[in-house]
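Below is final.cif, holding mmCIF, C-alpha atoms and all ligand atoms; chains and numbers go by the auth columns.
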```
data_final
loop_
_atom_site.group_PDB
_atom_site.id
_atom_site.type_symbol
_atom_site.label_atom_id
_atom_site.label_comp_id
_atom_site.label_asym_id
_atom_site.label_seq_id
_atom_site.Cartn_x
_atom_site.Cartn_y
_atom_site.Cartn_z
_atom_site.B_iso_or_equiv
_atom_site.auth_seq_id
_atom_site.auth_asym_id
ATOM 1 C CA MET A 1 18.861 1.247 6.630 0.00 266 S
ATOM 2 C CA GLU A 2 17.230 3.340 9.332 0.00 267 S
ATOM 3 C CA HIS A 3 13.487 3.078 8.864 0.00 268 S
ATOM 4 C CA VAL A 4 11.518 5.291 11.213 0.00 269 S
ATOM 5 C CA ILE A 5 8.057 6.091 12.551 0.00 270 S
ATOM 6 C CA GLU A 6 7.825 9.627 13.901 0.00 271 S
ATOM 7 C CA ALA A 7 5.711 12.790 13.960 0.00 272 S
ATOM 8 C CA ALA A 8 5.864 14.675 10.644 0.00 273 S
ATOM 9 C CA THR A 9 7.977 17.801 11.038 0.00 274 S
ATOM 10 C CA SER A 10 6.419 19.495 8.002 0.00 275 S
ATOM 11 C CA GLY A 11 3.234 19.190 5.975 0.00 276 S
ATOM 12 C CA ARG A 12 4.923 19.156 2.610 0.00 277 S
ATOM 13 C CA ALA A 13 5.623 15.443 2.006 0.00 278 S
ATOM 14 C CA LYS A 14 3.253 13.319 -0.015 0.00 279 S
ATOM 15 C CA CYS A 15 2.659 9.702 0.892 0.00 280 S
ATOM 16 C CA ARG A 16 4.276 7.264 -1.569 0.00 281 S
ATOM 17 C CA GLY A 17 1.486 4.795 -0.902 0.00 282 S
ATOM 18 C CA CYS A 18 -1.618 6.864 -1.657 0.00 283 S
ATOM 19 C CA GLY A 19 -0.294 10.126 -3.105 0.00 284 S
ATOM 20 C CA GLN A 20 -2.075 12.276 -0.502 0.00 285 S
ATOM 21 C CA ARG A 21 -0.360 14.819 1.725 0.00 286 S
ATOM 22 C CA ILE A 22 0.913 13.850 5.195 0.00 287 S
ATOM 23 C CA ASP A 23 -0.243 16.455 7.716 0.00 288 S
ATOM 24 C CA LYS A 24 2.299 18.180 9.914 0.00 289 S
ATOM 25 C CA GLY A 25 2.356 16.631 13.378 0.00 290 S
ATOM 26 C CA SER A 26 0.659 13.407 12.282 0.00 291 S
ATOM 27 C CA LEU A 27 2.526 10.134 12.456 0.00 292 S
ATOM 28 C CA ARG A 28 4.529 9.138 9.390 0.00 293 S
ATOM 29 C CA PHE A 29 6.574 6.114 8.396 0.00 294 S
ATOM 30 C CA GLY A 30 9.885 6.646 6.611 0.00 295 S
ATOM 31 C CA GLU A 31 11.576 3.939 4.585 0.00 296 S
ATOM 32 C CA GLN A 32 15.212 4.583 3.773 0.00 297 S
ATOM 33 C CA VAL A 33 16.278 3.452 0.321 0.00 298 S
ATOM 34 C CA GLU A 34 19.542 3.780 -1.520 0.00 299 S
ATOM 35 C CA ASN A 35 19.696 6.743 -3.842 0.00 300 S
ATOM 36 C CA PRO A 36 21.382 5.693 -7.088 0.00 301 S
ATOM 37 C CA TYR A 37 22.115 9.302 -8.079 0.00 302 S
ATOM 38 C CA ASN A 38 24.240 10.482 -5.199 0.00 303 S
ATOM 39 C CA ASP A 39 25.360 7.224 -3.545 0.00 304 S
ATOM 40 C CA GLY A 40 23.438 8.342 -0.489 0.00 305 S
ATOM 41 C CA VAL A 41 20.065 7.416 0.955 0.00 306 S
ATOM 42 C CA THR A 42 16.610 8.874 0.432 0.00 307 S
ATOM 43 C CA THR A 43 13.654 8.538 2.766 0.00 308 S
ATOM 44 C CA LEU A 44 10.291 7.596 1.283 0.00 309 S
ATOM 45 C CA TRP A 45 7.468 8.877 3.488 0.00 310 S
ATOM 46 C CA PHE A 46 4.149 7.114 4.022 0.00 311 S
ATOM 47 C CA HIS A 47 1.052 7.434 6.160 0.00 312 S
ATOM 48 C CA PRO A 48 1.510 4.647 8.737 0.00 313 S
ATOM 49 C CA THR A 49 -1.462 2.719 7.357 0.00 314 S
ATOM 50 C CA CYS A 50 -0.199 3.008 3.775 0.00 315 S
ATOM 51 C CA GLY A 51 3.264 1.851 4.854 0.00 316 S
ATOM 52 C CA ALA A 52 1.930 -1.096 6.857 0.00 317 S
ATOM 53 C CA PHE A 53 -0.101 -2.191 3.828 0.00 318 S
ATOM 54 C CA LYS A 54 2.427 -1.634 1.049 0.00 319 S
ATOM 55 C CA ARG A 55 5.866 -1.964 2.723 0.00 320 S
ATOM 56 C CA PRO A 56 5.314 -4.491 5.538 0.00 321 S
ATOM 57 C CA GLU A 57 8.921 -5.510 6.086 0.00 322 S
ATOM 58 C CA PRO A 58 10.536 -2.089 6.653 0.00 323 S
ATOM 59 C CA PHE A 59 7.383 -0.957 8.467 0.00 324 S
ATOM 60 C CA LEU A 60 7.780 -3.750 11.023 0.00 325 S
ATOM 61 C CA GLU A 61 11.439 -2.856 11.504 0.00 326 S
ATOM 62 C CA ALA A 62 10.476 0.738 12.226 0.00 327 S
ATOM 63 C CA ALA A 63 7.605 -0.383 14.460 0.00 328 S
ATOM 64 C CA GLU A 64 9.919 -2.560 16.520 0.00 329 S
ATOM 65 C CA LYS A 65 12.303 0.340 17.057 0.00 330 S
ATOM 66 C CA MET A 66 9.411 2.579 18.038 0.00 331 S
ATOM 67 C CA THR A 67 8.130 0.037 20.558 0.00 332 S
ATOM 68 C CA GLU A 68 11.597 -0.229 22.103 0.00 333 S
ATOM 69 C CA ARG A 69 11.721 3.552 22.347 0.00 334 S
ATOM 70 C CA GLU A 70 8.198 4.290 23.545 0.00 335 S
ATOM 71 C CA GLY A 71 7.386 1.139 25.487 0.00 336 S
ATOM 72 C CA ALA A 72 3.658 0.964 26.106 0.00 337 S
ATOM 73 C CA ASP A 73 3.146 4.544 24.894 0.00 338 S
ATOM 74 C CA THR A 74 2.640 3.602 21.252 0.00 339 S
ATOM 75 C CA PRO A 75 -0.333 5.413 19.680 0.00 340 S
ATOM 76 C CA ASP A 76 -3.891 4.081 19.501 0.00 341 S
ATOM 77 C CA GLY A 77 -4.371 1.686 16.632 0.00 342 S
ATOM 78 C CA PHE A 78 -0.692 0.850 16.419 0.00 343 S
ATOM 79 C CA ASP A 79 -1.231 -2.852 17.145 0.00 344 S
ATOM 80 C CA ALA A 80 -3.718 -3.052 14.274 0.00 345 S
ATOM 81 C CA LEU A 81 -1.098 -1.600 11.934 0.00 346 S
ATOM 82 C CA THR A 82 1.596 -4.069 12.956 0.00 347 S
ATOM 83 C CA ALA A 83 -0.966 -6.884 12.588 0.00 348 S
ATOM 84 C CA ALA A 84 -1.772 -5.663 9.063 0.00 349 S
ATOM 85 C CA ALA A 85 1.938 -5.611 8.212 0.00 350 S
ATOM 86 C CA GLN A 86 2.317 -9.157 9.586 0.00 351 S
ATOM 87 C CA ARG A 87 -0.509 -10.261 7.316 0.00 352 S
ATOM 88 C CA GLY A 88 1.420 -8.746 4.439 0.00 353 S
ATOM 89 C CA LEU A 89 4.414 -10.929 5.244 0.00 354 S
ATOM 90 C CA GLU A 90 2.243 -14.041 5.473 0.00 355 S
ATOM 91 C CA HIS A 91 0.455 -13.242 2.210 0.00 356 S
ATOM 92 C CA ARG A 92 3.001 -11.376 0.093 0.00 357 S
ATOM 93 C CA ARG A 93 0.615 -10.388 -2.672 0.00 358 S
ATOM 94 C CA LEU A 94 -1.497 -8.256 -0.298 0.00 359 S
ATOM 95 C CA ALA A 95 1.181 -5.561 -0.523 0.00 360 S
ATOM 96 C CA ARG A 96 0.611 -5.314 -4.288 0.00 361 S
ATOM 97 C CA LEU A 97 -2.992 -4.128 -3.949 0.00 362 S
ATOM 98 C CA ASP A 98 -3.598 -0.536 -4.961 0.00 363 S
ATOM 99 C CA SER A 99 -6.785 1.335 -5.854 0.00 364 S
ATOM 100 C CA ALA A 100 -10.038 0.313 -7.506 0.00 365 S
ATOM 101 C CA GLU A 101 -10.869 2.078 -10.777 0.00 366 S
ATOM 102 C CA ALA A 102 -13.049 1.792 -13.872 0.00 367 S
ATOM 103 C CA ALA A 103 -11.174 0.109 -16.735 0.00 368 S
ATOM 104 C CA ALA A 104 -10.232 2.730 -19.320 0.00 369 S
ATOM 105 C CA SER A 105 -10.001 0.093 -22.070 0.00 370 S
ATOM 106 C CA GLY A 106 -10.882 -3.557 -22.581 0.00 371 S
ATOM 107 C CA ARG A 107 -7.354 -4.648 -23.385 0.00 372 S
ATOM 108 C CA ALA A 108 -6.005 -5.760 -20.002 0.00 373 S
ATOM 109 C CA SER A 109 -6.277 -9.295 -18.702 0.00 374 S
ATOM 110 C CA CYS A 110 -6.699 -10.193 -15.051 0.00 375 S
ATOM 111 C CA ARG A 111 -3.468 -11.355 -13.380 0.00 376 S
ATOM 112 C CA HIS A 112 -5.384 -14.039 -11.516 0.00 377 S
ATOM 113 C CA CYS A 113 -7.824 -15.691 -13.952 0.00 378 S
ATOM 114 C CA ARG A 114 -6.205 -14.415 -17.194 0.00 379 S
ATOM 115 C CA GLU A 115 -9.639 -13.461 -18.597 0.00 380 S
ATOM 116 C CA ARG A 116 -10.118 -10.038 -20.145 0.00 381 S
ATOM 117 C CA ILE A 117 -11.394 -7.176 -18.011 0.00 382 S
ATOM 118 C CA ASP A 118 -14.234 -5.401 -19.860 0.00 383 S
ATOM 119 C CA LYS A 119 -13.959 -1.712 -20.644 0.00 384 S
ATOM 120 C CA GLY A 120 -15.716 0.305 -17.935 0.00 385 S
ATOM 121 C CA ALA A 121 -15.715 -2.624 -15.478 0.00 386 S
ATOM 122 C CA LEU A 122 -14.378 -1.940 -12.016 0.00 387 S
ATOM 123 C CA ARG A 123 -10.934 -3.436 -11.520 0.00 388 S
ATOM 124 C CA ILE A 124 -8.108 -3.335 -8.985 0.00 389 S
ATOM 125 C CA ARG A 125 -4.709 -1.910 -9.870 0.00 390 S
ATOM 126 C CA LEU A 126 -1.612 -3.821 -8.793 0.00 391 S
ATOM 127 C CA VAL A 127 1.745 -2.237 -8.087 0.00 392 S
ATOM 128 C CA TRP A 128 5.236 -3.648 -7.752 0.00 393 S
ATOM 129 C CA PHE A 129 7.893 -2.006 -5.577 0.00 394 S
ATOM 130 C CA GLU A 130 11.325 -1.905 -7.158 0.00 395 S
ATOM 131 C CA ALA A 131 14.357 0.381 -6.803 0.00 396 S
ATOM 132 C CA GLY A 132 12.540 2.756 -4.471 0.00 397 S
ATOM 133 C CA ARG A 133 9.340 3.198 -6.458 0.00 398 S
ATOM 134 C CA PHE A 134 5.990 1.601 -7.170 0.00 399 S
ATOM 135 C CA GLU A 135 5.510 0.487 -10.764 0.00 400 S
ATOM 136 C CA PRO A 136 2.152 -0.475 -12.288 0.00 401 S
ATOM 137 C CA SER A 137 1.960 -4.249 -12.492 0.00 402 S
ATOM 138 C CA GLY A 138 -1.403 -5.163 -13.964 0.00 403 S
ATOM 139 C CA PHE A 139 -5.010 -5.532 -12.858 0.00 404 S
ATOM 140 C CA LEU A 140 -7.455 -7.870 -11.184 0.00 405 S
ATOM 141 C CA HIS A 141 -11.192 -8.407 -11.448 0.00 406 S
ATOM 142 C CA LEU A 142 -12.751 -7.358 -8.133 0.00 407 S
ATOM 143 C CA THR A 143 -13.720 -10.916 -7.285 0.00 408 S
ATOM 144 C CA CYS A 144 -10.239 -12.191 -8.169 0.00 409 S
ATOM 145 C CA ALA A 145 -8.515 -10.057 -5.498 0.00 410 S
ATOM 146 C CA ALA A 146 -9.004 -12.461 -2.576 0.00 411 S
ATOM 147 C CA PRO A 147 -8.006 -15.642 -4.448 0.00 412 S
ATOM 148 C CA TYR A 148 -5.014 -13.856 -6.000 0.00 413 S
ATOM 149 C CA CYS A 149 -3.770 -12.778 -2.568 0.00 414 S
ATOM 150 C CA GLY A 150 -4.729 -15.997 -0.811 0.00 415 S
ATOM 151 C CA ALA A 151 -6.416 -13.828 1.841 0.00 416 S
ATOM 152 C CA THR A 152 -9.924 -12.471 2.331 0.00 417 S
ATOM 153 C CA ASP A 153 -9.060 -9.184 4.101 0.00 418 S
ATOM 154 C CA VAL A 154 -8.444 -7.181 0.926 0.00 419 S
ATOM 155 C CA LEU A 155 -11.142 -4.495 1.276 0.00 420 S
ATOM 156 C CA PRO A 156 -9.449 -2.187 3.874 0.00 421 S
ATOM 157 C CA ARG A 157 -6.353 -2.048 1.689 0.00 422 S
ATOM 158 C CA ILE A 158 -8.205 -1.156 -1.492 0.00 423 S
ATOM 159 C CA ARG A 159 -10.259 1.425 0.426 0.00 424 S
ATOM 160 C CA GLN A 160 -7.066 3.064 1.696 0.00 425 S
ATOM 161 C CA PHE A 161 -5.755 3.628 -1.834 0.00 426 S
ATOM 162 C CA THR A 162 -8.970 4.441 -3.710 0.00 427 S
ATOM 163 C CA THR A 163 -9.708 8.140 -4.071 0.00 428 S
ATOM 164 C CA GLY A 164 -11.202 8.644 -7.534 0.00 429 S
ATOM 165 C CA LEU A 165 -14.426 6.608 -7.434 0.00 430 S
ATOM 166 C CA SER A 166 -18.009 7.824 -6.983 0.00 431 S
ATOM 167 C CA ASP A 167 -19.899 6.605 -3.922 0.00 432 S
ATOM 168 C CA GLU A 168 -22.036 4.493 -6.204 0.00 433 S
ATOM 169 C CA ALA A 169 -19.036 2.792 -7.812 0.00 434 S
ATOM 170 C CA TRP A 170 -17.393 2.270 -4.423 0.00 435 S
ATOM 171 C CA ALA A 171 -20.564 0.578 -3.144 0.00 436 S
ATOM 172 C CA LYS A 172 -20.202 -1.902 -6.021 0.00 437 S
ATOM 173 C CA VAL A 173 -16.591 -2.567 -5.026 0.00 438 S
ATOM 174 C CA GLU A 174 -17.621 -3.228 -1.436 0.00 439 S
ATOM 175 C CA GLN A 175 -20.433 -5.512 -2.520 0.00 440 S
ATOM 176 C CA ALA A 176 -18.183 -7.558 -4.828 0.00 441 S
ATOM 177 C CA LEU A 177 -15.434 -7.894 -2.231 0.00 442 S
ATOM 178 C CA ALA A 178 -17.812 -8.747 0.602 0.00 443 S
ATOM 179 C CA GLY A 179 -19.379 -11.563 -1.382 0.00 444 S
HETATM 180 ZN ZN ZN B . -0.941 7.379 2.297 0.00 501 S
HETATM 181 ZN ZN ZN B . -9.996 -12.389 -12.846 0.00 502 S
#
```

Could you render the structure as structure tokens?
Amino acid sequence: MEHVIEAATSGRAKCRGCGQRIDKGSLRFGEQVENPYNDGVTTLWFHPTCGAFKRPEPFLEAAEKMTEREGADTPDGFDALTAAAQRGLEHRRLARLDSAEAAASGRASCRHCRERIDKGALRIRLVWFEAGRFEPSGFLHLTCAAPYCGATDVLPRIRQFTTGLSDEAWAKVEQALAG
């Protein structure tokens, strides 16, 4: 599979990691996956940060190729992205973190502590990557995110994928994850 990091040639693709558009000319990460429908391959596009967080293994492959190609001319912040992807290999569950949201019901249990998550409480969505797509894979209490992942640097990842929360609610997320 030929994973790639390159400048986006159009502004039409949406990032598979966060669902937001990838601007034309900005850097994008492409993961090649097998396409079961036509026996060919499909490229899944990501913002580099979203790819480093959610698809660390193919991201690092693409990053290595880019470093070979560009030498020292890799873009600003590139080392931080490869470091984030490395963390994802060391702590595999980090790549499952998605957005923070308010619980729509009180039925789900936390994947870490197994206790119920109250309706309306802020929780973290988990995703599971399989067959070229991210599937929902349960929820965590905010304070269960770090122990579940076995790593404390969870906040930047959740921030990257959270778009639908008020400033007030996000402040609560930050407070819970900082403590
Ligand atoms: Zn993204
Ligand atoms: Zn919990």

Show me, as CSV, the residues of chain S having an atom within 7 Å of ligand ZN 501 (chain S), each with the closest atom pair and its distance in Å, using only C-alpha atoms and all ligand atoms.
```
residue,atom,partner,partner_atom,distance
S:Cys280,CA,S:ZN501,ZN,4.5
S:Arg281,CA,S:ZN501,ZN,6.5
S:Gly282,CA,S:ZN501,ZN,4.8
S:Cys283,CA,S:ZN501,ZN,4.0
S:Gly284,CA,S:ZN501,ZN,6.1
S:Gln285,CA,S:ZN501,ZN,5.8
S:Phe311,CA,S:ZN501,ZN,5.4
S:His312,CA,S:ZN501,ZN,4.3
S:Thr314,CA,S:ZN501,ZN,6.9
S:Cys315,CA,S:ZN501,ZN,4.7
```

| Residue among S:His406, S:Arg293, S:His377, S:Arg388 lying closest to Phe324 of chain S, counting only C-alpha atoms | S:Arg293

| task | Mind checking which residues fall within 8 Å of segment 266-272 of chain S, counting only C-alpha atoms, ignoring those fewer than 2 positions away in the same chain, and posting them as an MDAnalysis selection string? | result | chainID S and resid 274 289:298 313 323:324 326:328 330:331

Limited to C-alpha atoms, could you put the picked residues into a file as a short mmCIF file (atom, residue, chain, number, x, y, z; two decimals), keeping the file's coordinate frame?
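Result saved to again05.cif:
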```cif
data_model
loop_
_atom_site.label_atom_id
_atom_site.label_comp_id
_atom_site.auth_asym_id
_atom_site.auth_seq_id
_atom_site.Cartn_x
_atom_site.Cartn_y
_atom_site.Cartn_z
CA THR S 274 7.98 17.80 11.04
CA LYS S 289 2.30 18.18 9.91
CA GLY S 290 2.36 16.63 13.38
CA SER S 291 0.66 13.41 12.28
CA LEU S 292 2.53 10.13 12.46
CA ARG S 293 4.53 9.14 9.39
CA PHE S 294 6.57 6.11 8.40
CA GLY S 295 9.88 6.65 6.61
CA GLU S 296 11.58 3.94 4.58
CA GLN S 297 15.21 4.58 3.77
CA VAL S 298 16.28 3.45 0.32
CA PRO S 313 1.51 4.65 8.74
CA PRO S 323 10.54 -2.09 6.65
CA PHE S 324 7.38 -0.96 8.47
CA GLU S 326 11.44 -2.86 11.50
CA ALA S 327 10.48 0.74 12.23
CA ALA S 328 7.60 -0.38 14.46
CA LYS S 330 12.30 0.34 17.06
CA MET S 331 9.41 2.58 18.04
#
```

| said: If the limit is 10 Å from any atom of ligand ZN 502 (chain S), counting all atoms listed in the file, which residues qualify? Return them as an MDAnalysis selection string. | reply: chainID S and resid 374:382 388 404:410 412:413

I need the chosen residues saved as a PDB file, in the frame of the given file, with C-alpha atoms.
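Wrote it out as again-v3.pdb, contents follow:
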```
ATOM      1  CA  SER S 374      -6.277  -9.295 -18.702  1.00  0.00           C
ATOM      2  CA  CYS S 375      -6.699 -10.193 -15.051  1.00  0.00           C
ATOM      3  CA  ARG S 376      -3.468 -11.355 -13.380  1.00  0.00           C
ATOM      4  CA  HIS S 377      -5.384 -14.039 -11.516  1.00  0.00           C
ATOM      5  CA  CYS S 378      -7.824 -15.691 -13.952  1.00  0.00           C
ATOM      6  CA  ARG S 379      -6.205 -14.415 -17.194  1.00  0.00           C
ATOM      7  CA  GLU S 380      -9.639 -13.461 -18.597  1.00  0.00           C
ATOM      8  CA  ARG S 381     -10.118 -10.038 -20.145  1.00  0.00           C
ATOM      9  CA  ILE S 382     -11.394  -7.176 -18.011  1.00  0.00           C
ATOM     10  CA  ARG S 388     -10.934  -3.436 -11.520  1.00  0.00           C
ATOM     11  CA  PHE S 404      -5.010  -5.532 -12.858  1.00  0.00           C
ATOM     12  CA  LEU S 405      -7.455  -7.870 -11.184  1.00  0.00           C
ATOM     13  CA  HIS S 406     -11.192  -8.407 -11.448  1.00  0.00           C
ATOM     14  CA  LEU S 407     -12.751  -7.358  -8.133  1.00  0.00           C
ATOM     15  CA  THR S 408     -13.720 -10.916  -7.285  1.00  0.00           C
ATOM     16  CA  CYS S 409     -10.239 -12.191  -8.169  1.00  0.00           C
ATOM     17  CA  ALA S 410      -8.515 -10.057  -5.498  1.00  0.00           C
ATOM     18  CA  PRO S 412      -8.006 -15.642  -4.448  1.00  0.00           C
ATOM     19  CA  TYR S 413      -5.014 -13.856  -6.000  1.00  0.00           C
TER      20      TYR S 413
END
```

| field | Residue nearest Phe394 of chain S among S:Glu355, S:Gln425, S:Asp338, S:Asp363 (counting only C-alpha atoms) | value |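 Residue with the minimum atom-to-atom distance to Phe394 of chain S: S:Asp363.
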
| remark: For Arg358 of chain S, the closest of S:Arg286, S:Lys279, S:Lys319, S:Arg398 counting only C-alpha atoms is S:Lys319

| task | Considering only C-alpha atoms, state which residue in the set S:Arg390, S:Arg277, S:Arg320, S:Lys437 is at the smallest distance from Leu354 of chain S. | result | S:Arg320

| message | Need the shell around Ala411 of chain S: protein/DNA/RNA residues with any atom at most 9 Å away, counting only C-alpha atoms. Skip same-chain ones fewer than 6 positions apart. Format as an MDAnalysis selection string? | response | chainID S and resid 359 417:419 442

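Between Ala416 of chain S and the candidates S:Gly342, S:Gly353, S:Pro301, S:Gly403, the tightest atom-to-atom separation, counting all atoms listed in the file, involves S:Gly353.
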